[in-house]
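Input: a single structure, listed below in structure tokens.
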Amino acid sequence: MTDPTGQTTPPERASLWEDFLEIFINPAAVFERRKTSGFWLPLLVVTVAIAALYLAFKGAMQPIMDAEYNRAIARVMEQNPELTPEQLASGKAFQERFTSIMIVLGVPVAILLVGLVLWTAGKVVGAVQTVGAACMVAAYSFSPRIVEQLVDAAQALFLPEEQLTGRGAISIGPARFLDPHTASPILSALLLRADIFTLWITVLLAIGLRVTGKVPMSKALIAAAIVWFVGGLPSLLGAMRMAG
């Protein structure tokens with residue numbers, strides 16, 4: 001940043017908590033002042049916040065998880081009718097434990113992977129961003145997931161249980177209007193990537209790349225779109241296996 005005399009001035013100082021407030025209203029300022037400060041602390045804050053909210057509202061979200069599990073197990077039973085009720089019960093218990101572990105471990109892993117993909121995509125569009133800066137951008141850009149946890153929990157608490165038919169039922173996006181029992185798994189996976197929180201994160205990644213990678217916003221958006229596409233591949237491939 002330069003003053004009217006043309007001299008470079010240091011970025012405005014702020015606390016970590018101010019960063020997590022300002023990331024929602026002035027993300028470019030956050031990325032500017034934190035571009036050389038590392039990513040482990042914001043990564044830890046986002047991970048702890050999401051894990052805490054998941055554990056706090058796990059009971060409210062249980063009907064949604066049960067609906068998703070029941071649909072998945074119905075497909076498994078079609079292919080493996082010899083499975084016993086005991087095996088199914090054991091599988092459900094394992095899935096619930098695995099989900100809890102993935103919330104704790106999956107968030108930091110996802111942030112680091114998004115950072116690496118953003119750094120790689122940035123190179124494609126000519127960015128000079130470092131890997132550390134890319135992971136910092138990814139860490140702060142996951143902040144909307146905290147808001148999403150609260151929005152999802154509020155819906156799970158106040159909507160009638162019969163409306164909690166799956167993840168799409170509480171999505172703030174086009175997936176909300178699909179019938180999960182009849183819709184194509186591939187279409188559902190694609191539309192779940194079009195929810196407001198995922199798109200919000202994608203825009204934050206673009207802003208962060210523009211600031212730390214010194215590229216025009218048009219190129220930063222292209223790189224962020226690549227990250228959006230790559231991020232959706234696991235769920236899309238899973239949906240294709242189910243559809244097949």
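FYI, nothing fancy with the structure tokens labels: chains A, B, ... in order, residues from 1 per chain, ligands from 1 as they appear.
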
Contacts between stretch 182-187 of chain A and stretch 33-77 of chain A, please, where a residue of stretch 33-77 of chain A counts if it comes within 12 Å (with only C-alpha atoms); show its shortest atom pair and distance in Å to one decimal, rows by chain and ascending number, as JSON lines.
```
{"residue": "A:Glu68", "atom": "CA", "partner": "A:Pro185", "partner_atom": "CA", "distance": 11.6}
{"residue": "A:Arg71", "atom": "CA", "partner": "A:Pro185", "partner_atom": "CA", "distance": 10.8}
{"residue": "A:Ala72", "atom": "CA", "partner": "A:Pro185", "partner_atom": "CA", "distance": 10.7}
{"residue": "A:Arg75", "atom": "CA", "partner": "A:Pro185", "partner_atom": "CA", "distance": 11.6}
```

Could those selected residues go to a file with N, CA and C atoms, as a JSON list (two decimals), in the first residue's frame?
```
[["chain", "number", "residue", "atom", "x", "y", "z"],
["A", 68, "GLU", "N", -29.68, -39.47, 4.78],
["A", 68, "GLU", "CA", -28.63, -39.75, 3.80],
["A", 68, "GLU", "C", -28.15, -41.19, 3.92],
["A", 71, "ARG", "N", -30.74, -43.74, 2.48],
["A", 71, "ARG", "CA", -30.74, -43.80, 1.01],
["A", 71, "ARG", "C", -29.53, -44.57, 0.51],
["A", 72, "ALA", "N", -28.38, -44.30, 1.14],
["A", 72, "ALA", "CA", -27.17, -44.99, 0.71],
["A", 72, "ALA", "C", -27.26, -46.49, 0.98],
["A", 75, "ARG", "N", -29.33, -48.47, -1.52],
["A", 75, "ARG", "CA", -28.61, -48.81, -2.75],
["A", 75, "ARG", "C", -27.66, -49.99, -2.51]]
```

>> So that I can check the surroundings of stretch 197-213 of chain A, please list as an MDAnalysis selection string every protein, DNA and RNA residue that reaches within 10 Å of it, counting only C-alpha atoms and ignoring chain neighbours fewer than 6 positions away.
In response: chainID A and resid 23:24 27:36 114:115 118:119 121:123 125:130 133:134 136:148 171:173 219:228 231

Residue contacts of stretch 155-164 of chain A (10 Å, only C-alpha atoms) excluding same-chain residues fewer than 3 positions away, as a compact mmCIF listing (two decimals) with C-alpha atoms, in the first residue's frame:
```txt
# COMPACT_ATOMS: atom_id res chain seq x y z
CA PHE A 57 -25.78 -29.46 17.05
CA LYS A 58 -25.10 -33.10 16.22
CA GLY A 59 -28.42 -34.18 17.71
CA ALA A 60 -30.39 -31.65 15.69
CA MET A 61 -28.65 -32.74 12.50
CA GLN A 62 -29.17 -36.45 13.13
CA PRO A 63 -32.38 -36.76 11.02
CA ILE A 64 -30.49 -35.40 8.00
CA MET A 65 -27.60 -37.82 8.50
CA ASP A 66 -30.06 -40.68 8.99
CA ALA A 67 -31.89 -39.80 5.77
CA GLU A 68 -28.63 -39.75 3.80
CA LEU A 150 -25.20 -22.11 12.25
CA VAL A 151 -27.65 -21.75 9.36
CA ASP A 152 -27.89 -25.53 8.95
CA ARG A 167 -28.30 -32.48 2.82
CA GLY A 168 -30.07 -30.76 -0.03
CA ALA A 169 -33.11 -30.00 2.15
CA ILE A 170 -31.13 -27.38 4.09
CA SER A 171 -28.92 -26.21 1.24
```

> Could you name the residues that touch A:Pro108 at 12 Å or less, counting only C-alpha atoms, but leaving out those on the same chain fewer than 2 positions away, as a VMD selection string?
Replying inline: chain A and resid 39 to 51 101 to 106 110 to 115 135 to 136 138 to 140 142

Atoms kept (N, CA and C atoms) for selection, written as a PDB file, in the first residue's frame:
```pdb
ATOM      1  N   PHE A  39      -0.334 -19.614   8.163  1.00  0.00           N
ATOM      2  CA  PHE A  39      -1.720 -20.068   8.053  1.00  0.00           C
ATOM      3  C   PHE A  39      -2.168 -20.978   9.186  1.00  0.00           C
ATOM      4  N   TRP A  40      -1.260 -21.422  10.047  1.00  0.00           N
ATOM      5  CA  TRP A  40      -1.634 -22.416  11.055  1.00  0.00           C
ATOM      6  C   TRP A  40      -2.652 -21.895  12.057  1.00  0.00           C
ATOM      7  N   LEU A  41      -2.518 -20.646  12.485  1.00  0.00           N
ATOM      8  CA  LEU A  41      -3.444 -20.126  13.488  1.00  0.00           C
ATOM      9  C   LEU A  41      -4.863 -19.966  12.940  1.00  0.00           C
ATOM     10  N   PRO A  42      -5.070 -19.325  11.781  1.00  0.00           N
ATOM     11  CA  PRO A  42      -6.434 -19.272  11.249  1.00  0.00           C
ATOM     12  C   PRO A  42      -6.987 -20.652  10.922  1.00  0.00           C
ATOM     13  N   LEU A  43      -6.130 -21.564  10.478  1.00  0.00           N
ATOM     14  CA  LEU A  43      -6.579 -22.927  10.211  1.00  0.00           C
ATOM     15  C   LEU A  43      -7.098 -23.571  11.492  1.00  0.00           C
ATOM     16  N   LEU A  44      -6.373 -23.378  12.595  1.00  0.00           N
ATOM     17  CA  LEU A  44      -6.788 -23.941  13.878  1.00  0.00           C
ATOM     18  C   LEU A  44      -8.109 -23.345  14.343  1.00  0.00           C
ATOM     19  N   VAL A  45      -8.265 -22.030  14.205  1.00  0.00           N
ATOM     20  CA  VAL A  45      -9.502 -21.364  14.641  1.00  0.00           C
ATOM     21  C   VAL A  45     -10.706 -21.893  13.859  1.00  0.00           C
ATOM     22  N   VAL A  46     -10.576 -21.990  12.548  1.00  0.00           N
ATOM     23  CA  VAL A  46     -11.685 -22.478  11.721  1.00  0.00           C
ATOM     24  C   VAL A  46     -12.009 -23.925  12.071  1.00  0.00           C
ATOM     25  N   THR A  47     -10.989 -24.756  12.246  1.00  0.00           N
ATOM     26  CA  THR A  47     -11.204 -26.165  12.567  1.00  0.00           C
ATOM     27  C   THR A  47     -11.927 -26.320  13.896  1.00  0.00           C
ATOM     28  N   VAL A  48     -11.462 -25.617  14.918  1.00  0.00           N
ATOM     29  CA  VAL A  48     -12.072 -25.720  16.250  1.00  0.00           C
ATOM     30  C   VAL A  48     -13.512 -25.210  16.220  1.00  0.00           C
ATOM     31  N   ALA A  49     -13.743 -24.104  15.535  1.00  0.00           N
ATOM     32  CA  ALA A  49     -15.092 -23.533  15.480  1.00  0.00           C
ATOM     33  C   ALA A  49     -16.064 -24.484  14.803  1.00  0.00           C
ATOM     34  N   ILE A  50     -15.670 -25.054  13.658  1.00  0.00           N
ATOM     35  CA  ILE A  50     -16.557 -25.964  12.936  1.00  0.00           C
ATOM     36  C   ILE A  50     -16.792 -27.241  13.737  1.00  0.00           C
ATOM     37  N   ALA A  51     -15.730 -27.783  14.348  1.00  0.00           N
ATOM     38  CA  ALA A  51     -15.876 -29.004  15.144  1.00  0.00           C
ATOM     39  C   ALA A  51     -16.781 -28.762  16.348  1.00  0.00           C
ATOM     40  N   ILE A 101     -14.884 -38.079  13.198  1.00  0.00           N
ATOM     41  CA  ILE A 101     -13.438 -37.975  12.988  1.00  0.00           C
ATOM     42  C   ILE A 101     -13.141 -37.085  11.792  1.00  0.00           C
ATOM     43  N   MET A 102     -13.930 -37.229  10.730  1.00  0.00           N
ATOM     44  CA  MET A 102     -13.697 -36.445   9.523  1.00  0.00           C
ATOM     45  C   MET A 102     -13.954 -34.959   9.750  1.00  0.00           C
ATOM     46  N   ILE A 103     -14.893 -34.635  10.638  1.00  0.00           N
ATOM     47  CA  ILE A 103     -15.131 -33.221  10.938  1.00  0.00           C
ATOM     48  C   ILE A 103     -13.894 -32.613  11.564  1.00  0.00           C
ATOM     49  N   VAL A 104     -13.270 -33.367  12.492  1.00  0.00           N
ATOM     50  CA  VAL A 104     -12.090 -32.853  13.195  1.00  0.00           C
ATOM     51  C   VAL A 104     -10.863 -32.847  12.286  1.00  0.00           C
ATOM     52  N   LEU A 105     -10.634 -33.935  11.586  1.00  0.00           N
ATOM     53  CA  LEU A 105      -9.433 -34.052  10.755  1.00  0.00           C
ATOM     54  C   LEU A 105      -9.646 -33.576   9.327  1.00  0.00           C
ATOM     55  N   GLY A 106     -10.878 -33.708   8.843  1.00  0.00           N
ATOM     56  CA  GLY A 106     -11.138 -33.370   7.445  1.00  0.00           C
ATOM     57  C   GLY A 106     -11.058 -31.892   7.147  1.00  0.00           C
ATOM     58  N   ALA A 110      -8.792 -30.448   4.309  1.00  0.00           N
ATOM     59  CA  ALA A 110      -9.462 -29.786   3.190  1.00  0.00           C
ATOM     60  C   ALA A 110      -8.877 -28.401   2.945  1.00  0.00           C
ATOM     61  N   ILE A 111      -8.617 -27.666   4.014  1.00  0.00           N
ATOM     62  CA  ILE A 111      -8.044 -26.322   3.868  1.00  0.00           C
ATOM     63  C   ILE A 111      -6.678 -26.393   3.193  1.00  0.00           C
ATOM     64  N   LEU A 112      -5.843 -27.320   3.634  1.00  0.00           N
ATOM     65  CA  LEU A 112      -4.509 -27.435   3.049  1.00  0.00           C
ATOM     66  C   LEU A 112      -4.595 -27.867   1.582  1.00  0.00           C
ATOM     67  N   LEU A 113      -5.496 -28.784   1.280  1.00  0.00           N
ATOM     68  CA  LEU A 113      -5.647 -29.217  -0.114  1.00  0.00           C
ATOM     69  C   LEU A 113      -6.155 -28.073  -0.992  1.00  0.00           C
ATOM     70  N   VAL A 114      -7.127 -27.318  -0.485  1.00  0.00           N
ATOM     71  CA  VAL A 114      -7.627 -26.166  -1.247  1.00  0.00           C
ATOM     72  C   VAL A 114      -6.510 -25.159  -1.466  1.00  0.00           C
ATOM     73  N   GLY A 115      -5.688 -24.956  -0.424  1.00  0.00           N
ATOM     74  CA  GLY A 115      -4.557 -24.045  -0.583  1.00  0.00           C
ATOM     75  C   GLY A 115      -3.601 -24.498  -1.668  1.00  0.00           C
ATOM     76  N   CYS A 135      -2.343 -21.162   1.359  1.00  0.00           N
ATOM     77  CA  CYS A 135      -2.988 -21.868   2.473  1.00  0.00           C
ATOM     78  C   CYS A 135      -3.601 -20.877   3.461  1.00  0.00           C
ATOM     79  N   MET A 136      -2.959 -19.716   3.648  1.00  0.00           N
ATOM     80  CA  MET A 136      -3.554 -18.679   4.490  1.00  0.00           C
ATOM     81  C   MET A 136      -4.869 -18.197   3.908  1.00  0.00           C
ATOM     82  N   ALA A 138      -6.822 -19.870   1.915  1.00  0.00           N
ATOM     83  CA  ALA A 138      -7.789 -20.953   2.061  1.00  0.00           C
ATOM     84  C   ALA A 138      -8.352 -21.009   3.475  1.00  0.00           C
ATOM     85  N   ALA A 139      -7.485 -20.827   4.472  1.00  0.00           N
ATOM     86  CA  ALA A 139      -7.927 -20.901   5.869  1.00  0.00           C
ATOM     87  C   ALA A 139      -8.972 -19.826   6.175  1.00  0.00           C
ATOM     88  N   TYR A 140      -8.674 -18.595   5.820  1.00  0.00           N
ATOM     89  CA  TYR A 140      -9.644 -17.516   6.067  1.00  0.00           C
ATOM     90  C   TYR A 140     -10.883 -17.676   5.186  1.00  0.00           C
ATOM     91  N   PHE A 142     -12.420 -20.265   4.424  1.00  0.00           N
ATOM     92  CA  PHE A 142     -13.339 -21.261   4.968  1.00  0.00           C
ATOM     93  C   PHE A 142     -14.241 -20.681   6.057  1.00  0.00           C
TER      94      PHE A 142
END
```

>> Please report the interatomic distance between atom CA of A:Ser235 and atom CA of A:Ser188 in Å with one decimal.
In response: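 Straight-line distance from atom CA of A:Ser235 to atom CA of A:Ser188 works out to 9.7 Å.
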